[in-house]
Every structure is written in structure tokens, then in C-alpha cells.
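Source file: work.txt (compact mmCIF, C-alpha atoms)
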# COMPACT_ATOMS: atom_id res chain seq x y z
CA MET V 726 27.16 36.70 -20.11
CA LYS V 727 23.49 36.65 -20.85
CA LEU V 728 21.72 39.92 -20.25
CA LYS V 729 19.74 39.91 -17.02
CA ILE V 730 16.82 42.32 -17.04
CA THR V 731 14.59 43.20 -14.11
CA VAL V 732 11.04 44.03 -15.07
CA PHE V 733 9.22 46.04 -12.48
CA ALA V 734 5.61 45.64 -11.42
CA ILE V 735 4.48 48.42 -13.71
CA LEU V 736 5.49 46.32 -16.70
CA PHE V 737 3.23 43.49 -15.63
CA SER V 738 0.31 45.87 -15.25
CA LEU V 739 0.89 47.18 -18.76
CA LEU V 740 1.66 43.97 -20.66
CA PHE V 741 -1.94 42.85 -20.91
CA ILE V 742 -3.57 46.23 -21.55
CA SER V 743 -5.11 46.54 -24.99
CA CYS V 744 -3.02 49.20 -26.67
CA LYS V 745 -4.76 49.41 -30.00
CA THR V 746 -5.31 53.16 -29.52
CA THR V 747 -1.87 53.89 -28.06
CA GLU V 748 0.48 52.36 -30.59
CA GLY V 749 3.64 54.43 -30.84
CA LYS V 750 2.84 56.47 -27.73
CA THR V 751 5.90 57.36 -25.67
CA ILE V 752 5.30 56.40 -22.04
CA ASN V 753 8.69 57.17 -20.54
CA GLY V 754 11.90 59.02 -21.21
CA ASP V 755 13.65 56.37 -23.32
CA GLY V 756 10.82 56.07 -25.84
CA THR V 757 9.47 52.75 -24.55
CA VAL V 758 5.99 51.73 -25.65
CA VAL V 759 3.96 48.69 -24.62
CA VAL V 760 1.75 46.95 -27.15
CA ASP V 761 -0.80 44.15 -27.11
CA LEU V 762 0.45 40.87 -28.62
CA SER V 763 -2.38 41.02 -31.15
CA MET V 764 -1.07 44.30 -32.53
CA GLN V 765 0.39 44.62 -35.99
CA PHE V 766 3.78 46.23 -36.36
CA LYS V 767 3.73 49.87 -37.47
CA ASP V 768 6.60 50.58 -39.84
CA VAL V 769 8.19 53.61 -38.18
CA THR V 770 11.71 53.04 -39.51
CA SER V 771 11.04 53.05 -43.22
CA THR V 772 13.43 50.52 -44.83
CA ASP V 773 15.89 50.29 -41.91
CA ALA V 774 16.41 47.03 -40.06
CA ASN V 775 14.66 46.27 -36.78
CA ARG V 776 16.13 44.24 -33.96
CA ILE V 777 14.27 41.46 -32.17
CA HIS V 778 15.21 40.43 -28.61
CA HIS V 779 13.72 37.37 -26.86
CA LEU V 780 13.71 37.23 -23.05
CA THR V 781 12.47 34.32 -20.90
CA GLN V 782 11.35 34.61 -17.31
CA ASP V 783 13.69 33.27 -14.60
CA LEU V 784 12.52 31.27 -11.60
CA ASP V 785 12.70 34.64 -9.88
CA PRO V 786 9.58 36.06 -11.59
CA THR V 787 10.92 39.63 -11.51
CA LYS V 788 13.89 38.76 -13.74
CA TYR V 789 14.24 37.80 -17.39
CA THR V 790 17.18 36.37 -19.36
CA GLU V 791 17.79 37.17 -23.00
CA ILE V 792 18.36 34.16 -25.28
CA GLU V 793 21.07 35.98 -27.19
CA LYS V 794 21.56 33.50 -30.01
CA TYR V 795 18.07 34.38 -31.28
CA THR V 796 18.67 38.13 -31.29
CA GLU V 797 18.59 39.27 -34.91
CA ASP V 798 18.45 42.40 -37.04
CA VAL V 799 15.75 42.09 -39.69
CA PHE V 800 13.29 44.35 -41.43
CA ILE V 801 9.80 43.82 -40.05
CA PRO V 802 7.29 44.74 -42.76
CA LYS V 803 4.43 46.99 -41.83
CA GLY V 804 1.41 44.94 -40.88
CA SER V 805 3.40 42.02 -39.42
CA ALA V 806 1.65 40.44 -36.43
CA LEU V 807 3.86 40.88 -33.40
CA LEU V 808 2.92 37.46 -32.04
CA ASP V 809 4.41 35.91 -35.20
CA LEU V 810 7.81 37.09 -34.01
CA ALA V 811 7.73 34.58 -31.14
CA ARG V 812 10.18 31.65 -31.20
CA HIS V 813 9.23 28.00 -30.72
CA GLU V 814 12.63 26.28 -30.41
CA GLU V 815 13.52 23.99 -27.52
CA GLU V 816 14.78 26.86 -25.37
CA PHE V 817 11.28 28.35 -25.40
CA GLN V 818 9.40 25.19 -24.42
CA GLY V 819 7.74 25.84 -21.11
CA PHE V 820 7.33 29.56 -21.81
CA THR V 821 4.44 31.62 -23.23
CA PRO V 822 4.81 34.94 -25.09
CA ALA V 823 3.21 37.51 -22.81
CA GLY V 824 4.23 41.03 -23.75
CA ILE V 825 6.27 43.31 -25.98
CA ILE V 826 8.24 46.51 -25.47
CA ILE V 827 9.36 48.54 -28.47
CA ARG V 828 12.26 50.91 -27.92
CA THR V 829 15.41 52.27 -29.54
CA ASP V 830 18.62 50.38 -28.70
CA PRO V 831 21.79 52.37 -27.82
CA ASP V 832 22.99 52.04 -31.43
CA GLU V 833 19.80 53.78 -32.62
CA VAL V 834 18.20 50.59 -34.00
CA MET V 835 14.44 50.36 -33.36
CA ALA V 836 14.07 47.11 -31.35
CA VAL V 837 11.28 44.79 -30.28
CA TYR V 838 11.73 43.12 -26.85
CA LEU V 839 9.50 40.06 -26.66
CA TYR V 840 8.97 38.69 -23.14
CA TYR V 841 8.03 35.07 -22.39
CA THR V 842 6.56 34.18 -19.02
CA ARG V 843 7.31 30.82 -17.40
CA ASN V 844 4.37 28.39 -17.52
CA THR V 845 2.57 27.40 -14.34
CA VAL V 846 2.27 23.63 -14.67
CA THR V 847 -0.18 21.21 -13.07
CA LEU V 848 0.86 17.57 -12.61
CA THR V 849 -1.82 14.96 -11.97
CA PHE V 850 -0.89 11.64 -10.37
CA LYS V 851 -3.37 8.76 -10.51
CA LEU V 852 -2.05 6.47 -7.83
CA SER V 853 -2.57 2.82 -7.02
CA GLY V 854 -0.49 0.59 -4.81
CA GLY V 855 0.01 -2.11 -2.25
CA LYS V 856 -1.47 -2.46 1.21
CA ASN V 857 1.30 -0.38 2.78
CA SER V 858 0.90 2.59 0.44
CA HIS V 859 -0.99 5.71 1.39
CA GLY V 860 -2.03 9.03 -0.10
CA SER V 861 -5.14 9.88 -2.10
CA SER V 862 -5.96 8.00 -5.29
CA THR V 863 -5.54 11.19 -7.34
CA SER V 864 -3.17 13.96 -6.34
CA THR V 865 -2.09 17.13 -8.11
CA LEU V 866 0.98 19.33 -7.82
CA LYS V 867 1.37 22.82 -9.24
CA GLY V 868 4.49 24.88 -9.82
CA LEU V 869 6.52 26.97 -12.25
CA TYR V 870 8.17 25.17 -15.15
CA GLY V 871 11.71 24.20 -14.19
CA SER V 872 11.26 24.66 -10.45
CA PRO V 873 12.55 21.80 -8.22
CA LEU V 874 10.15 18.96 -7.46
CA ASN V 875 10.30 16.15 -4.91
CA VAL V 876 7.38 13.93 -5.87
CA PHE V 877 7.52 11.70 -2.82
CA GLU V 878 7.66 14.61 -0.40
CA LYS V 879 5.04 16.71 -2.14
CA LEU V 880 2.54 13.87 -2.55
CA ASP V 881 3.02 12.73 1.06
CA ILE V 882 3.38 9.10 0.05
CA GLY V 883 6.24 8.45 2.44
CA PRO V 884 10.03 8.42 2.04
CA TYR V 885 10.29 4.65 1.61
CA TYR V 886 8.06 4.24 -1.41
CA LEU V 887 8.85 3.14 -4.92
CA GLY V 888 7.09 3.93 -8.17
CA SER V 889 6.54 1.58 -11.04
CA ILE V 890 7.76 4.25 -13.44
CA THR V 891 11.50 4.90 -13.63
CA ARG V 892 11.44 8.58 -14.45
CA TRP V 893 9.96 10.65 -11.68
CA PRO V 894 10.30 14.32 -12.66
CA THR V 895 12.84 16.26 -10.60
CA THR V 896 11.62 19.61 -11.96
CA PHE V 897 8.23 20.69 -13.28
CA PRO V 898 7.91 19.89 -17.01
CA PRO V 899 7.00 22.49 -19.65
CA VAL V 900 3.27 21.68 -19.80
CA ASP V 901 0.51 20.04 -17.78
CA THR V 902 1.19 16.32 -17.46
CA SER V 903 -0.66 13.29 -16.08
CA TYR V 904 0.95 10.19 -14.60
CA ASP V 905 -0.75 6.83 -14.19
CA THR V 906 1.52 5.04 -11.77
CA ALA V 907 1.62 2.50 -9.00
CA ILE V 908 3.13 3.44 -5.64
CA PHE V 909 4.47 0.69 -3.42
CA ALA V 910 6.32 0.38 -0.16
CA ILE V 911 9.35 -1.90 0.10
CA ASN V 912 7.35 -3.83 2.71
CA ASP V 913 4.81 -4.78 0.05
CA PHE V 914 7.43 -7.11 -1.41
CA ILE V 915 9.23 -8.58 1.59
CA LYS V 916 7.85 -12.05 2.07
CA GLU V 917 8.82 -15.18 3.90
CA VAL V 918 8.36 -18.18 1.63
CA PRO V 919 9.03 -21.46 3.46
CA SER V 920 10.55 -24.30 1.48
CA GLY V 921 7.86 -26.57 0.05
CA ASP V 922 5.22 -23.88 -0.45
CA THR V 923 3.60 -23.27 -3.82
CA TYR V 924 5.42 -20.27 -5.22
CA GLN V 925 3.49 -17.58 -7.01
CA ARG V 926 5.19 -14.74 -8.80
CA ILE V 927 4.33 -11.23 -7.60
CA GLU V 928 3.27 -9.33 -10.70
CA MET V 929 4.29 -5.84 -9.59
CA GLY V 930 7.17 -4.53 -7.56
CA PRO V 931 10.94 -4.48 -7.59
CA THR V 932 11.88 -7.39 -5.32
CA TYR V 933 10.89 -9.45 -2.34
CA MET V 934 12.82 -11.37 0.27
CA ILE V 935 12.82 -15.00 1.33
CA ASN V 936 13.67 -16.08 4.89
CA MET V 937 16.53 -18.57 4.79
CA GLY V 938 16.79 -19.00 8.57
CA ASP V 939 19.56 -16.72 9.82
CA TYR V 940 19.34 -14.45 6.81
CA GLU V 941 17.00 -13.34 4.05
CA ILE V 942 17.88 -13.30 0.38
CA ALA V 943 15.98 -11.65 -2.45
CA ALA V 944 14.01 -13.93 -4.69
CA VAL V 945 14.95 -11.83 -7.74
CA GLU V 946 17.88 -9.77 -8.93
CA VAL V 947 17.73 -6.04 -8.21
CA THR V 948 15.64 -4.51 -10.96
CA GLN V 949 16.20 -1.33 -12.91
CA VAL V 950 13.23 0.43 -11.28
CA LEU V 951 14.45 -0.30 -7.75
CA TYR V 952 18.00 0.79 -8.58
CA TYR V 953 16.83 3.99 -10.24
CA ASN V 954 14.58 5.01 -7.37
CA ILE V 955 17.47 4.72 -4.92
CA MET V 956 20.43 5.89 -7.04
CA LYS V 957 18.56 8.29 -9.38
CA GLU V 958 20.28 6.76 -12.39
CA ASN V 959 20.01 3.64 -14.49
CA PRO V 960 23.43 2.67 -15.86
CA SER V 961 22.15 -0.50 -17.53
CA HIS V 962 23.40 -1.36 -21.00
CA PHE V 963 19.98 -2.85 -21.75
CA SER V 964 17.87 0.27 -21.39
CA GLY V 965 16.68 3.12 -23.56
CA SER V 966 14.94 3.17 -26.92
CA ILE V 967 17.47 0.96 -28.73
CA ARG V 968 17.91 -2.01 -26.40
CA VAL V 969 14.21 -2.52 -25.73
CA PRO V 970 12.83 -5.48 -23.75
CA ALA V 971 11.37 -8.56 -25.35
CA GLU V 972 7.70 -8.52 -26.32
CA ASN V 973 5.33 -8.48 -23.32
CA GLU V 974 8.17 -7.79 -20.91
CA VAL V 975 8.52 -4.66 -18.75
CA GLN V 976 11.68 -2.58 -18.99
CA ASP V 977 11.49 -1.59 -15.32
CA TYR V 978 11.68 -5.22 -14.22
CA ARG V 979 14.76 -6.19 -16.18
CA PRO V 980 17.75 -6.66 -13.87
CA VAL V 981 19.97 -3.66 -13.41
CA GLU V 982 23.42 -4.37 -14.85
CA ASN V 983 26.62 -2.62 -15.75
CA ILE V 984 27.05 -2.47 -11.96
CA SER V 985 30.37 -2.63 -10.13
CA TRP V 986 30.80 -4.21 -6.70
CA PHE V 987 31.37 -0.70 -5.34
CA ASP V 988 28.08 0.47 -6.91
CA ALA V 989 26.29 -2.44 -5.23
CA ILE V 990 27.51 -1.74 -1.70
CA LYS V 991 26.68 1.97 -2.09
CA PHE V 992 23.17 1.02 -3.21
CA CYS V 993 22.73 -1.33 -0.23
CA ASN V 994 23.59 1.39 2.28
CA LEU V 995 21.40 4.02 0.61
CA LEU V 996 18.45 1.60 0.52
CA SER V 997 19.01 0.72 4.19
CA MET V 998 19.07 4.40 5.17
CA ARG V 999 15.88 5.03 3.20
CA GLU V 1000 14.19 2.11 4.97
CA GLY V 1001 15.28 3.19 8.44
CA LEU V 1002 17.65 0.21 8.82
CA GLU V 1003 21.23 0.24 10.03
CA PRO V 1004 23.60 0.29 7.04
CA VAL V 1005 26.01 -2.63 6.81
CA TYR V 1006 29.03 -1.18 5.05
CA VAL V 1007 31.56 1.28 6.49
CA ILE V 1008 34.22 3.21 4.58
CA THR V 1009 36.51 5.81 6.16
CA GLY V 1010 34.63 5.46 9.43
CA THR V 1011 31.16 6.26 8.09
CA SER V 1012 28.23 4.27 6.73
CA ASN V 1013 26.86 7.26 4.78
CA PRO V 1014 27.82 6.82 1.09
CA ASP V 1015 27.52 10.58 0.54
CA GLN V 1016 30.75 10.89 2.54
CA TRP V 1017 32.67 8.18 0.70
CA GLY V 1018 33.54 10.26 -2.34
CA GLU V 1019 33.10 9.25 -5.98
CA VAL V 1020 32.87 5.54 -6.79
CA PRO V 1021 36.28 4.35 -8.12
CA GLU V 1022 36.15 3.76 -11.87
CA ASP V 1023 39.48 1.98 -12.39
CA ASP V 1024 42.74 1.01 -10.69
CA GLU V 1025 44.11 4.52 -11.13
CA SER V 1026 41.47 6.12 -8.90
CA SER V 1027 43.03 8.11 -6.06
CA ILE V 1028 40.46 6.79 -3.58
CA LEU V 1029 40.53 3.14 -4.65
CA GLY V 1030 42.52 2.20 -1.55
CA LEU V 1031 39.95 3.81 0.73
CA TRP V 1032 37.04 1.95 -0.87
CA GLN V 1033 38.96 -1.32 -0.69
CA ARG V 1034 39.15 -0.95 3.09
CA VAL V 1035 35.37 -1.36 3.35
CA THR V 1036 34.22 -3.31 6.40
CA ALA V 1037 30.86 -4.88 7.17
CA LYS V 1038 28.92 -4.64 10.43
CA ALA V 1039 27.99 -8.23 11.22
CA ASP V 1040 25.07 -7.25 13.48
CA ALA V 1041 23.55 -4.54 11.24
CA ASN V 1042 20.03 -5.21 9.98
CA GLY V 1043 20.34 -3.34 6.69
CA PHE V 1044 20.48 -4.64 3.14
CA ARG V 1045 23.74 -6.13 1.90
CA LEU V 1046 25.28 -8.50 -0.63
CA PRO V 1047 25.03 -12.20 0.24
CA THR V 1048 28.21 -14.03 1.09
CA GLN V 1049 29.25 -16.72 -1.36
CA ALA V 1050 28.18 -19.39 1.14
CA GLU V 1051 24.76 -17.78 1.60
CA TRP V 1052 24.28 -17.51 -2.14
CA LYS V 1053 25.18 -21.17 -2.70
CA LYS V 1054 23.00 -22.38 0.16
CA ALA V 1055 19.99 -20.51 -1.22
CA ALA V 1056 20.75 -21.41 -4.86
CA GLY V 1057 21.09 -25.16 -4.44
CA ASN V 1058 21.29 -26.51 -7.97
CA GLY V 1059 20.26 -23.17 -9.46
CA SER V 1060 17.13 -22.32 -11.42
CA SER V 1061 16.44 -22.04 -15.13
CA SER V 1062 16.94 -18.62 -16.64
CA TRP V 1063 18.10 -16.69 -19.70
CA ASN V 1064 21.37 -17.85 -21.24
CA ALA V 1065 23.20 -17.86 -24.56
CA LEU V 1066 20.79 -20.42 -26.00
CA ASN V 1067 17.52 -18.60 -25.35
CA SER V 1068 18.18 -14.93 -24.46
CA ASN V 1069 18.59 -13.50 -27.97
CA ALA V 1070 21.69 -11.74 -26.60
CA ARG V 1071 19.89 -9.54 -24.09
CA THR V 1072 18.61 -9.51 -20.51
CA HIS V 1073 14.98 -10.20 -19.69
CA GLU V 1074 12.38 -9.33 -17.09
CA VAL V 1075 13.11 -11.16 -13.83
CA ALA V 1076 11.16 -14.22 -12.68
CA LYS V 1077 9.95 -15.40 -16.08
CA PHE V 1078 11.08 -18.97 -15.33
CA LYS V 1079 10.05 -21.18 -12.42
CA PRO V 1080 11.94 -20.66 -9.14
CA ASN V 1081 14.17 -23.18 -7.44
CA ALA V 1082 13.15 -25.13 -4.32
CA ASN V 1083 13.85 -22.07 -2.15
CA GLY V 1084 11.78 -19.76 -4.32
CA LEU V 1085 14.67 -17.95 -6.00
CA TYR V 1086 14.68 -16.95 -9.66
CA ASP V 1087 17.33 -16.48 -12.37
CA LEU V 1088 20.22 -18.12 -10.54
CA SER V 1089 21.58 -19.75 -13.68
CA GLY V 1090 21.33 -16.77 -16.01
CA ASN V 1091 20.21 -13.23 -16.83
CA VAL V 1092 23.10 -11.54 -14.94
CA SER V 1093 25.98 -12.77 -12.82
CA GLU V 1094 25.63 -11.56 -9.22
CA TRP V 1095 28.18 -9.90 -6.98
CA CYS V 1096 28.79 -11.46 -3.55
CA TRP V 1097 30.55 -9.94 -0.55
CA ASP V 1098 33.56 -12.25 -0.57
CA SER V 1099 37.02 -11.39 -1.76
CA SER V 1100 38.66 -14.03 -3.91
CA ALA V 1101 41.65 -13.80 -1.55
CA LYS V 1102 40.30 -12.89 1.89
CA PHE V 1103 38.04 -10.40 3.62
CA VAL V 1104 39.20 -6.84 4.14
CA SER V 1105 38.91 -5.85 7.79
CA GLU V 1106 40.15 -3.10 10.04
CA VAL V 1107 43.12 -5.20 11.15
CA SER V 1108 44.34 -5.50 7.55
CA SER V 1109 44.79 -1.75 7.08
CA ASP V 1110 48.60 -2.03 7.00
CA GLU V 1111 48.59 -4.70 4.28
CA ALA V 1112 48.77 -4.14 0.54
CA LEU V 1113 45.17 -3.62 -0.54
CA VAL V 1114 45.35 -3.50 -4.34
CA ASN V 1115 46.43 -7.01 -5.23
CA GLY V 1116 44.29 -10.08 -4.53
CA LEU V 1117 41.09 -8.15 -3.85
CA TYR V 1118 38.93 -9.44 -6.65
CA ARG V 1119 35.30 -9.91 -5.57
CA ILE V 1120 33.30 -13.07 -6.12
CA GLN V 1121 30.40 -13.40 -8.54
CA GLN V 1122 27.91 -16.25 -8.67
CA GLY V 1123 25.42 -17.41 -11.27
CA GLY V 1124 25.08 -17.42 -15.02
CA THR V 1125 24.55 -14.65 -17.55
CA TYR V 1126 22.44 -14.03 -20.63
CA TYR V 1127 25.50 -14.53 -22.85
CA ALA V 1128 26.79 -17.83 -21.38
CA ARG V 1129 25.42 -21.37 -21.36
CA GLU V 1130 23.17 -22.15 -18.41
CA ASN V 1131 25.30 -22.57 -15.29
CA ILE V 1132 25.91 -21.36 -11.74
CA ASN V 1133 29.60 -20.73 -12.16
CA THR V 1134 31.81 -18.93 -9.68
CA SER V 1135 33.96 -16.12 -11.04
CA SER V 1136 35.67 -12.99 -9.75
CA ASN V 1137 36.76 -9.57 -10.94
CA SER V 1138 38.02 -6.21 -9.70
CA PRO V 1139 35.37 -4.41 -7.62
CA TYR V 1140 35.33 -1.40 -9.97
CA VAL V 1141 34.57 -3.38 -13.16
CA ARG V 1142 31.20 -2.89 -14.86
CA THR V 1143 29.77 -4.98 -17.71
CA SER V 1144 26.32 -5.76 -19.08
CA GLY V 1145 26.55 -9.18 -17.42
CA TYR V 1146 27.09 -7.94 -13.82
CA GLY V 1147 24.20 -7.34 -11.43
CA PHE V 1148 23.33 -8.37 -7.87
CA ARG V 1149 20.60 -9.47 -5.48
CA LEU V 1150 19.99 -8.35 -1.92
CA ALA V 1151 20.48 -10.15 1.35
CA ARG V 1152 19.73 -9.14 4.93
CA SER V 1153 20.73 -10.59 8.31
CA ILE V 1154 18.01 -11.67 10.74
CA THR V 1155 18.65 -9.62 13.88
CA ASP V 1156 16.74 -8.50 16.95
CA ARG V 1157 16.81 -4.88 15.79

Would you put the structure from the file into C-alpha cells?
Amino acid sequence: MKLKITVFAILFSLLFISCKTTEGKTINGDGTVVVDLSMQFKDVTSTDANRIHHLTQDLDPTKYTEIEKYTEDVFIPKGSALLDLARHEEEFQGFTPAGIIIRTDPDEVMAVYLYYTRNTVTLTFKLSGGKNSHGSSTSTLKGLYGSPLNVFEKLDIGPYYLGSITRWPTTFPPVDTSYDTAIFAINDFIKEVPSGDTYQRIEMGPTYMINMGDYEIAAVEVTQVLYYNIMKENPSHFSGSIRVPAENEVQDYRPVENISWFDAIKFCNLLSMREGLEPVYVITGTSNPDQWGEVPEDDESSILGLWQRVTAKADANGFRLPTQAEWKKAAGNGSSSWNALNSNARTHEVAKFKPNANGLYDLSGNVSEWCWDSSAKFVSEVSSDEALVNGLYRIQQGGTYYARENINTSSNSPYVRTSGYGFRLARSITDR
């Protein structure tokens, strides 16, 4: 257990007092003295070893925790600057040396206790966005390093907004930081594009929808930025510093992949809830994915049977996967995209090729897309007494970056994830 030490208010009043004339003065019964950080160490132990303790401030500002692995017994030569004893390893990032106590440890070793206060950090956000965004053009947030942070809530930019960066901080970083970022509402990207119009790619934003009559279907595959902002993770194989995007392409706008069918339906419900829409999918009597349990990873999962009983509300207005028929109707003969002949064995930013007649991109490549349909039959409430494991593969449509250009139909178990599996959104047109 790490040593927890409470430092009372008197310590704080003494830490910053210049003690150049009081070095070595006993100020309480245990021989404690307080010195200025600029002081030089007075050799009061002759050639004996000295002990150095390093303690960082907790989020509770009255408490400190000792980083025990840096406690050491060494001889501190006379004239050593006390500030030079401070550590600069990763554990001390976000902290500033602020005061020293010198006292004798229980084993009679003269010890230096070096205290590090937690930095107060200022974050500056330079915001720009679509017509539905709000909030000032420059906003700042201030808080202790490591304290929890909800950017959307604190900046008052609304719960339904998306950023063009994929890594919103969830806690305050170690030092002052500035963010140049675009803030958009989902509604900035939902568009009706009638067949026959001249299609123009939207340069920023995660997705937009096209009205197909009784339903809408997304013009592009779900991107990594949209997935991250809803799920708070990016499981994509093609992400990070190694699998970088092609030149002049944006990592955020590559399709999310390594997604299972179960991941996709969870995402759809969470996005619907965030947008104030009625979620489509129901598992164990609830449409709240937080109550579904962990996403099944394989056929040995103890809750696989529960997830396979998922039902869909036909009249819900939330986001969902398209049915195979909807996908094929919207896709027509497909649209050119990234395949084995041109992808250089990786995914690419969405919508780099021309769309099809309905304004949809990447139907014949980039990633294969999950649809709602089972390769055997739909799972419904009336099928609860039937065997649910066998014959429940889920349909995928479209090509991938590693196959020749096509709009093939395939299927796989709903828990399978690969770098070639992604999805696009659909939504029913309802009166709600």
C-alpha cells in the first residue's frame, strides 16, 4: 500500500516562506523543518546516508501519495540544491515540486520529503462548425490535472455534437493545451439527395443520410470519428501510428472496421439515444445497451444466446442497419471504391470515388457492410423456444479493400470482427 499522508493547512502556509535564515530550525516536536526549494542542503549527518521521499498531491488537495519506487537512501553532499532532488519521470508529469520537509525517519535516517502539487491546467478550444452548432468561437476550461472532464457538457455545445478530432480528453492533461477543432451536429450531415441531382461531397463530417422513400440510408460507411465519439473507442485495424492513411487522406474519415454485427447494433442504439430518437433494437426487454451486458466475443460467450434473441422495433425512428433488400435497392449496380487492385492493402477515406446514381459511396469496396438479415431467418420473440446458435449468420453486402471490385453477398457469425467488416446506417421514415 502506498503511504497516504495528510498535509494540514499550516504546511501550505510554510512551504513558500523563504527559510534562508531558518535552515535547521526545529519547528515541532519531531524535528521537522521546512525549507525553501532554492535552499542548498546542509550536511548535518556527516557521511551517513540520507533518504529521499517523493509525494504527489491527490485529487483531494489535502492528501499526498508517496511514489515508493523512487524512495532511495543516498548521501546528499553539502551544498546540493534541494530542487535538483526532484524527479521528472512519467509519474511526475502533471506535478510541480512545491515544498520540502526535512525530518528524521523512525529508523533514525535523516530524510527529505519532497512534495509535488498537482498542476492547475487550462484548456483552450478554438471552435468552428456547421449551422447547427453553438457555443462561443473560443472557450476555455480549467481544472486540476487528472480530474474528470466532459468536454461536451463543460463547453455547452450540446449532447448531440461530434468533433472532428477523435481524442477528446476525458481527464485534464498534465499541462496547458490548445485544441483547434470543428464541432458539428449530426443534423449538419443529414441530407435528402433526390436521384438525378448533381452530387457534391461534403468535406467535413462523419456521415449524411439520403432519403430513399420509405427509409434513409447513409451515403458513406460509418467513419472512425463517428464511431469513436459514440463508443469512446476505435477498434479499427487501420488506425494508430503504424497503419497511417494514404497521403492527403484524413484518418478520422476512414471507415471504422474490425466491427462485429453485435458492435454495430449497439452503436445504432447508442447513437439513437444520443440524438433523442427511439432505439430500434431490443435485447432482454430493453433498448438500452448499457443493460445488455458485454458484447459476445465468440461462440463460447455465456450471453451469446441472449444477444441472438435481439428484436427490432419496426416503427422506431432511430438509426439501424439496413436490411439486405434496402441495401441492394440503394446500391443498384454499386459504385467504384477501393479494392485489391488499387487500395495498397489498406482502407481509405470514405467518398473518394464518385457516388452511384443514388448518391452512395464505396459500395463495391473499402469495407464489407453488415445488414440486419440473418442468413437463415429473422430472430423474433416467437422464436425464443427454437435453437438460436445454428443458422444465425448475419448478411454482409459490398466489397472490401482486399478483394476485387464487387458487391458480393456474404455472411458470418455476428460476433466475428475483421479489418474488412464495417457498416453504414439506415433509418425508417416515420411520423415520430

Given only C-alpha atoms as the counted atoms, nearest of V:Asn1058, V:Gln1049, V:Thr1143, V:Gln1122 to Trp1097 (chain V)
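Of V:Asn1058, V:Gln1049, V:Thr1143, V:Gln1122, the one nearest Trp1097 (chain V), counting only C-alpha atoms, is V:Gln1049.
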
Which residues, written as a VMD selection string, have at least one atom at most 10 Å from Leu1029 (chain V), with all atoms listed in the file counted and residues fewer than 6 positions away on the same chain left out?
chain V and resid 987 1019 to 1023 1113 to 1114 1139 to 1140

Point out the residue among V:Tyr1006, V:Tyr1146, V:Phe850, V:Tyr953 with the least atom-to-atom distance to Asn983 (chain V), counting all atoms listed in the file.
V:Tyr1146

Gln976 (chain V) environment, 10 Å, only C-alpha atoms, sequence neighbours closer than 4 positions dropped, as a tab-separated table (two decimals) with C-alpha atoms, in the frame of the given file:
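After the write, out25.tsv holds the following:
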chain	number	residue	atom	x	y	z
V	890	ILE	CA	7.76	4.25	-13.44
V	891	THR	CA	11.50	4.90	-13.63
V	948	THR	CA	15.64	-4.51	-10.96
V	949	GLN	CA	16.20	-1.33	-12.91
V	950	VAL	CA	13.23	0.43	-11.28
V	963	PHE	CA	19.98	-2.85	-21.75
V	964	SER	CA	17.87	0.27	-21.39
V	965	GLY	CA	16.68	3.12	-23.56
V	968	ARG	CA	17.91	-2.01	-26.40
V	969	VAL	CA	14.21	-2.52	-25.73
V	970	PRO	CA	12.83	-5.48	-23.75
V	971	ALA	CA	11.37	-8.56	-25.35
V	980	PRO	CA	17.75	-6.66	-13.87
V	1072	THR	CA	18.61	-9.51	-20.51
V	1073	HIS	CA	14.98	-10.20	-19.69
V	1074	GLU	CA	12.38	-9.33	-17.09

At a cut-off of 10 Å, using all atoms listed in the file, what residues contact Pro1080 (chain V)? Leave out same-chain residues fewer than 2 positions from it and give the result as a VMD selection string.
chain V and resid 924 to 926 944 to 945 1056 1059 to 1062 1076 to 1078 1082 to 1088

Output for the residues just chosen: C-alpha atoms as an mmCIF file, in the coordinates of the input:
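And here's selection11.cif as it stands now:
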data_model
loop_
_atom_site.group_PDB
_atom_site.id
_atom_site.type_symbol
_atom_site.label_atom_id
_atom_site.label_comp_id
_atom_site.auth_asym_id
_atom_site.auth_seq_id
_atom_site.Cartn_x
_atom_site.Cartn_y
_atom_site.Cartn_z
ATOM 1 C CA TYR V 924 5.420 -20.270 -5.220
ATOM 2 C CA GLN V 925 3.490 -17.580 -7.010
ATOM 3 C CA ARG V 926 5.190 -14.740 -8.800
ATOM 4 C CA ALA V 944 14.010 -13.930 -4.690
ATOM 5 C CA VAL V 945 14.950 -11.830 -7.740
ATOM 6 C CA ALA V 1056 20.750 -21.410 -4.860
ATOM 7 C CA GLY V 1059 20.260 -23.170 -9.460
ATOM 8 C CA SER V 1060 17.130 -22.320 -11.420
ATOM 9 C CA SER V 1061 16.440 -22.040 -15.130
ATOM 10 C CA SER V 1062 16.940 -18.620 -16.640
ATOM 11 C CA ALA V 1076 11.160 -14.220 -12.680
ATOM 12 C CA LYS V 1077 9.950 -15.400 -16.080
ATOM 13 C CA PHE V 1078 11.080 -18.970 -15.330
ATOM 14 C CA ALA V 1082 13.150 -25.130 -4.320
ATOM 15 C CA ASN V 1083 13.850 -22.070 -2.150
ATOM 16 C CA GLY V 1084 11.780 -19.760 -4.320
ATOM 17 C CA LEU V 1085 14.670 -17.950 -6.000
ATOM 18 C CA TYR V 1086 14.680 -16.950 -9.660
ATOM 19 C CA ASP V 1087 17.330 -16.480 -12.370
ATOM 20 C CA LEU V 1088 20.220 -18.120 -10.540
#

At what distance in Å, to one decimal, does CA of Tyr870 (chain V) lie from CA of Leu784 (chain V)?
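Taking CA of Leu784 (chain V) and CA of Tyr870 (chain V), their separation equals 8.3 Å.
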
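Distance-wise, CA of Asn1137 (chain V) and CA of Gln1121 (chain V) end up 7.8 Å apart.
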
My list of candidates is V:Thr902, V:Thr1048, V:Asn844, V:Thr865. Which is closest to Cys1096 (chain V) when distances are computed with all atoms listed in the file?
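For Cys1096 (chain V), the nearest of the given residues is V:Thr1048.
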
How many Å lie between CA of Asn1133 (chain V) and CA of Asn1064 (chain V), rounded to one decimal?
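CA of Asn1133 (chain V) sits 12.6 Å away from CA of Asn1064 (chain V).
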